[in-house]
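K.L.:
Dropping a structure here in structure tokens format, bear with me for questions.
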Amino acid sequence: MMTTSYHSSHSLGRSNLRAELRALRAVARREWTIFIRYPSWVFALFLWPMIFPMMYIFTGRALSGPDGSGLAIFTSASGATDFIGYIAVGTTVWMWQNVVLWDVGFALRSEQMRGTLESNWLSPTWRFSYLLGHSGPQLISMALFILVSVIEFGLIFGVRLHGNPLLMLLVVLVSVPSIYGLGFAFASLVITAKEAHTFVFLVRGLVMIFCGITFPISLLPGWMQSVAMWMPQTYMIRAARAAALSNASLGELLPDLAALLGFGVFWMTAGYLLFHWMERRARQTGAIGQY
Amino acid sequence: MSDWAIEATNLVKRFPKRASANEEKPSTGGSAAPKRRWNPFGPRPPKTLFTAVDGVSLTIERGEIFGLLGPNGAGKSTTIRMLCTLLEPTSGTAKVNGYDIIKQANDVRRSLGTLLAGERSIYWKLTGRENLEYFAALYHIPPVYIRKRVTELLERMELTERANELVEKYSTGMKQRVAIAKALLARPPILLLDEPTLGLDPQAARHLREMISQLKNEGHTILLTTHYMEEADQLSDRIGIIDQGKIIALDTPDALKQRINQKEIVKLEVAGWREEFAATLRALPEVDNIIARRPGEADLWEVTLQAGNSRAVLPGIVEGISHNGTRLVNLNIVRPSLEDVFINLTGKALRD
């Protein structure tokens, strides 16, 4: 057995920005390692992109009639000729937000239930890194998810994306702060409430109805359209459809991208402030160690 | 830098607690109050404050093992959670390694290696090595040291051969050793160990106690909480006995036991013990602090009592309990243990 004589009042740790960045990378690597050790992710990656939209695609086919004549009405209302592509984009954005609410939203709660949250909290690492680091692998898995969705819709339903790939990527990137900011806000509330199912069901239900994942929001009553304008997912879906299916230019996308950036700043700030509030409250109530 | 490794002054922690509907109006009759039906629209019971730690003051010298001994719920873990910055005290102050636990929380965390929640504090889906490398990064250990330090600790914990296996395949003792290695990663000057041997088999617990002694010899200051009196007795330089959030005695183990040295501890094994015997024994001269417990399913009770002069009261004891088939199976007069000190101070056993 090895022994080390030890008489210092200082530890080996040296805190600085580089050490914080290494800690952030360690959180991301840990999360990715654990993620791939549960093999069910492979099924989720390949099956989920298809299962959820199929319900709407077959409903659309049924409603359009045997000769597809009903689609003309849909096209005149939505401006989209490819109704499957229209649904695919809407449902993919919805699933992205849904998965982030579950995954990032439950990031701290899962640690709390596992018993590891306290041992992370005891280190000198900046605590917001635990959420940021958790989101890294989540973002990679969602990028894979979107890629698989595009391939599967192309192969199975013949959906073709006509837009500039860089603009499509830009829409995705500009959507990230809103989607993940909302996830961070959720993560902090979940630690406090110890339950999130009700809120997740509420938010994803609102997105499903108000943001037009399978239909144009012009069909909604006026007040619902007004509500939709306060939800970033409305702009994500509209910008993604325009970029992927209508070959829109950067100039045409700019208003939606600007709105998304605004929402992104709002939700990231809200997420951070809620996290800070939760952290402080947890120190007073001992909530971190409770499950 | 402060002379003390840990210095706590009048630490208080209160938690808000909502009284249950039935607590609101205590029953005045002899029978239990009927359960009130839950009404979501009715008034909510008022919040009350539960005091978990009530004015704890202590100083721990550098290089010392300080044991905080008390029954479950006495306030040991809450005290340790305040010292390691997980909890903010309601009032009072504390310094760890000279740093204020509120104003310099990050410096406190850098000074500490903490073992809380034992085996649950590490990732079971990572290997032992991955766990240590991960926490080394969290403790801001420069990369140049990480590999060497992790290898050194795996070796020390006798985990090298299974370092690359998932922790979920480890035994409880091995998981606990990974958790301890995690606490030692940054070579912190102070270690906080909360119930380190809880749930371990006797051999693993003995191993761990040896390791704790060794860590002290290497210069670490150790604050240890436990409800195992033998563990506190064996390891600690000084012991604080805590009950209901208050430190009720603080001294070296020998000095604590010395306090009741004028008393003798009589341990009986009795088949068929009955509650009324306690009153009979208490009526004997200089007999007090009678604790009876049944360790197993069989009707065999362990009864401990403290007596001024055991020889004088032994006949009375034997006579007092020899009724209606009750049998004295064994009788010992023993040196006072820390548990007897606790009984003497509180009138109840540590495991109550």
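How things are named: the first chain in the structure tokens is A, the next is B, and so on; residues count from 1 in each chain; ligands count from 1 in the order shown.
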Compile the contact shell of region 260-269 of chain A as JSON, numbers by chain: residues with an atom at most 6 Å away, counting only C-alpha atoms, same-chain residues fewer than 3 positions apart removed.
P.N.:
{"A": [177, 178, 181, 182, 257, 272]}
K.L.:
Tell me as a list in words which residues belonging to chain B come within 6 Å of chain A, counting only C-alpha atoms.
P.N.:
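Applying the cut-off to the listed atoms yields Leu86, Leu87, Glu88, Asn106, Arg109, Arg110, Arg120, Ser121, Ile122, Lys125, Tyr134, Ala137, Leu138, Tyr139, His140, Ile141, Arg156, Ala186, Arg187, Pro188, Pro189, Glu218 and Gly219 of chain B.
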K.L.:
Write the residues of the selection above to a file with N, CA and C atoms, as a short mmCIF file (atom, residue, chain, number, x, y, z; two decimals), in the first residue's frame.
P.N.:
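And here is the file that came out, result-v3.cif:
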data_model
loop_
_atom_site.label_atom_id
_atom_site.label_comp_id
_atom_site.auth_asym_id
_atom_site.auth_seq_id
_atom_site.Cartn_x
_atom_site.Cartn_y
_atom_site.Cartn_z
N LEU B 86 -22.89 23.01 1.01
CA LEU B 86 -24.13 22.58 0.35
C LEU B 86 -25.34 23.28 0.97
N LEU B 87 -25.21 23.62 2.23
CA LEU B 87 -26.31 24.28 2.94
C LEU B 87 -25.82 25.59 3.55
N GLU B 88 -26.69 26.57 3.52
CA GLU B 88 -26.36 27.86 4.13
C GLU B 88 -26.93 27.86 5.56
N ASN B 106 -16.07 28.78 -2.75
CA ASN B 106 -15.25 28.03 -3.69
C ASN B 106 -13.90 27.64 -3.09
N ARG B 109 -14.55 24.69 -0.94
CA ARG B 109 -14.69 23.45 -1.72
C ARG B 109 -13.34 22.94 -2.19
N ARG B 110 -12.45 23.86 -2.52
CA ARG B 110 -11.12 23.46 -2.96
C ARG B 110 -10.33 22.84 -1.81
N ARG B 120 -23.42 5.99 -3.67
CA ARG B 120 -24.33 6.65 -4.61
C ARG B 120 -23.74 7.96 -5.15
N SER B 121 -22.58 8.35 -4.63
CA SER B 121 -22.03 9.63 -5.06
C SER B 121 -21.17 9.51 -6.31
N ILE B 122 -21.08 8.30 -6.87
CA ILE B 122 -20.28 8.12 -8.08
C ILE B 122 -21.17 7.54 -9.19
N LYS B 125 -22.43 3.91 -14.22
CA LYS B 125 -22.30 3.58 -15.65
C LYS B 125 -20.93 3.99 -16.20
N TYR B 134 -12.98 11.96 -14.23
CA TYR B 134 -14.03 12.97 -14.34
C TYR B 134 -13.97 13.94 -13.14
N ALA B 137 -11.09 16.38 -13.08
CA ALA B 137 -11.31 17.59 -13.90
C ALA B 137 -12.20 18.58 -13.16
N LEU B 138 -13.22 18.06 -12.46
CA LEU B 138 -14.11 18.98 -11.71
C LEU B 138 -13.36 19.70 -10.59
N TYR B 139 -12.36 19.02 -10.03
CA TYR B 139 -11.58 19.64 -8.95
C TYR B 139 -10.40 20.45 -9.49
N HIS B 140 -10.42 20.67 -10.81
CA HIS B 140 -9.45 21.54 -11.47
C HIS B 140 -8.01 21.06 -11.28
N ILE B 141 -7.83 19.77 -11.25
CA ILE B 141 -6.46 19.25 -11.15
C ILE B 141 -5.82 19.36 -12.53
N ARG B 156 -3.79 2.50 -4.37
CA ARG B 156 -3.96 2.62 -2.92
C ARG B 156 -5.26 1.95 -2.47
N ALA B 186 -7.82 15.55 -5.02
CA ALA B 186 -7.10 16.83 -5.08
C ALA B 186 -6.14 17.01 -3.90
N ARG B 187 -5.88 15.95 -3.17
CA ARG B 187 -5.08 16.01 -1.93
C ARG B 187 -5.55 17.16 -1.04
N PRO B 188 -6.84 17.15 -0.69
CA PRO B 188 -7.36 18.26 0.12
C PRO B 188 -6.82 18.16 1.54
N PRO B 189 -6.56 19.30 2.18
CA PRO B 189 -6.04 19.23 3.55
C PRO B 189 -7.07 18.70 4.54
N GLU B 218 -0.94 10.87 7.58
CA GLU B 218 -0.37 11.61 6.44
C GLU B 218 -0.59 13.11 6.57
N GLY B 219 -1.31 13.53 7.60
CA GLY B 219 -1.46 14.97 7.84
C GLY B 219 -2.83 15.53 7.55
#
K.L.:
Pull the helix (DSSP H, G or I) assignments for region 35-280 of chain A out of DSSP run on the backbone, and list those residues as a PyMOL selection string.
P.N.:
chain A and resi 35-36+40-64+71-78+83-103+107-114+117-121+128-157+165-193+197-210+217-219+222-228+232-245+250-280
K.L.:
Using only C-alpha atoms for the distances, tell me which of B:Val341, B:Leu159, B:Ala105, B:Leu185 is nearest to Pro142 (chain B).
P.N.:
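Selected residue with least distance to Pro142 (chain B): B:Leu185.
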K.L.:
Which of these residues is nearest to Leu219 (chain A), using only C-alpha atoms: A:Ala196, A:Ala88, A:Ile73, A:Ala62?
P.N.:
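Closest to Leu219 (chain A) of all the choices is A:Ile73.
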K.L.:
Among region 54-118 of chain B, which residues does DSSP mark as strand (DSSP E or B) when it is run on the backbone? Keep the chain and numbering as in the structure and answer as a list in words.
P.N.:
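The residues of region 54-118 of chain B classed as strand (DSSP E or B) are Asp54, Gly55, Val56, Ser57, Leu58, Thr59, Ile60, Glu61, Ile65, Phe66, Gly67, Leu68, Leu69, Ser91, Gly92, Thr93, Ala94, Lys95, Val96, Tyr99, Asp100, Leu112, Gly113, Thr114 and Leu115 of chain B.
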K.L.:
Need the shell around Leu328 (chain B): protein/DNA/RNA residues with any atom at most 10 Å away, counting only C-alpha atoms. Skip same-chain ones fewer than 4 positions apart. Format as a ChimeraX atom specification?
P.N.:
/B:268-273,300-301,317-319,321-322
K.L.:
Keeping only N, CA and C atoms, take the residues you just selected and write them out as a CSV table (one decimal), in the first residue's frame.
P.N.:
chain,number,residue,atom,x,y,z
B,268,LEU,N,-27.2,-6.9,31.0
B,268,LEU,CA,-27.9,-8.1,31.3
B,268,LEU,C,-28.5,-8.7,30.0
B,269,GLU,N,-28.6,-10.0,30.0
B,269,GLU,CA,-29.4,-10.6,28.9
B,269,GLU,C,-30.5,-11.3,29.6
B,270,VAL,N,-31.7,-10.9,29.2
B,270,VAL,CA,-32.9,-11.3,30.0
B,270,VAL,C,-33.9,-12.0,29.0
B,271,ALA,N,-34.4,-13.2,29.3
B,271,ALA,CA,-35.4,-13.8,28.5
B,271,ALA,C,-36.8,-13.4,29.1
B,272,GLY,N,-37.6,-12.8,28.3
B,272,GLY,CA,-39.0,-12.5,28.8
B,272,GLY,C,-39.1,-11.2,29.6
B,273,TRP,N,-38.3,-10.2,29.1
B,273,TRP,CA,-38.3,-8.9,29.8
B,273,TRP,C,-39.7,-8.2,29.7
B,300,LEU,N,-35.4,-12.3,23.7
B,300,LEU,CA,-34.2,-12.2,24.5
B,300,LEU,C,-33.8,-10.7,24.4
B,301,TRP,N,-33.7,-10.1,25.6
B,301,TRP,CA,-33.5,-8.7,25.6
B,301,TRP,C,-32.1,-8.3,26.2
B,317,ILE,N,-31.1,-6.7,41.6
B,317,ILE,CA,-31.4,-6.9,40.2
B,317,ILE,C,-32.0,-8.3,39.9
B,318,VAL,N,-31.3,-9.3,40.4
B,318,VAL,CA,-31.7,-10.7,40.1
B,318,VAL,C,-33.1,-10.9,40.6
B,319,GLU,N,-33.3,-10.4,41.9
B,319,GLU,CA,-34.6,-10.6,42.5
B,319,GLU,C,-35.7,-9.9,41.7
B,321,ILE,N,-36.1,-9.1,38.6
B,321,ILE,CA,-36.5,-9.5,37.3
B,321,ILE,C,-36.9,-11.0,37.3
B,322,SER,N,-36.7,-11.7,38.4
B,322,SER,CA,-37.0,-13.1,38.4
B,322,SER,C,-38.5,-13.3,38.8
K.L.:
Rounded to one decimal, what separation in Å do you get between CA of Ala74 (chain B) and CA of Asp340 (chain B)?
P.N.:
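Pair CA of Ala74 (chain B) / CA of Asp340 (chain B) returns 17.0 Å.
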K.L.:
Which residues are close to region 222-230 of chain A, i.e. within 8 Å by only C-alpha atoms, leaving aside same-chain residues fewer than 5 positions away? Reply as a compact mmCIF listing (two decimals) with N, CA and C atoms, in the first residue's frame.
P.N.:
# COMPACT_ATOMS: atom_id res chain seq x y z
N PHE A 210 -50.33 25.51 -30.97
CA PHE A 210 -50.20 26.92 -31.35
C PHE A 210 -49.19 27.17 -32.47
N CYS A 211 -48.18 26.29 -32.57
CA CYS A 211 -47.07 26.63 -33.47
C CYS A 211 -47.23 26.03 -34.87
N ILE A 217 -50.66 28.25 -39.27
CA ILE A 217 -51.31 28.89 -38.12
C ILE A 217 -52.37 29.90 -38.55
N TYR A 235 -41.55 30.48 -35.03
CA TYR A 235 -40.57 31.05 -35.95
C TYR A 235 -39.59 29.98 -36.45
K.L.:
So that I can check the surroundings of Met55 (chain A), please list as a CSV table (one decimal) with N, CA and C atoms, in the first residue's frame every protein, DNA and RNA residue that reaches within 12 Å of it, counting only C-alpha atoms and ignoring chain neighbours fewer than 5 positions away.
P.N.:
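Printed below is out.csv as written:
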chain,number,residue,atom,x,y,z
A,48,TRP,N,-37.8,6.8,-33.9
A,48,TRP,CA,-38.6,8.0,-33.5
A,48,TRP,C,-38.8,9.0,-34.6
A,49,PRO,N,-37.8,9.2,-35.4
A,49,PRO,CA,-38.1,10.2,-36.5
A,49,PRO,C,-39.3,9.8,-37.4
A,50,MET,N,-39.6,8.6,-37.5
A,50,MET,CA,-40.6,8.1,-38.4
A,50,MET,C,-42.0,7.9,-37.7
A,60,GLY,N,-53.3,12.9,-43.2
A,60,GLY,CA,-53.3,13.8,-44.3
A,60,GLY,C,-53.7,13.1,-45.6
A,61,ARG,N,-53.2,11.9,-45.7
A,61,ARG,CA,-53.5,11.2,-46.9
A,61,ARG,C,-55.0,10.8,-47.0
A,62,ALA,N,-55.5,10.4,-45.8
A,62,ALA,CA,-56.9,10.0,-45.7
A,62,ALA,C,-57.8,11.2,-46.0
A,84,ILE,N,-46.0,16.3,-47.0
A,84,ILE,CA,-45.2,15.4,-46.2
A,84,ILE,C,-44.0,16.1,-45.6
A,87,ILE,N,-45.1,18.5,-43.0
A,87,ILE,CA,-45.3,17.8,-41.7
A,87,ILE,C,-44.0,17.4,-41.0
A,88,ALA,N,-43.1,16.9,-41.9
A,88,ALA,CA,-41.8,16.4,-41.4
A,88,ALA,C,-41.0,17.5,-40.7
A,91,THR,N,-42.9,18.4,-37.3
A,91,THR,CA,-42.8,17.4,-36.2
A,91,THR,C,-41.3,17.3,-35.7
A,214,THR,N,-48.3,20.9,-38.0
A,214,THR,CA,-48.8,20.1,-39.1
A,214,THR,C,-49.8,20.9,-40.0
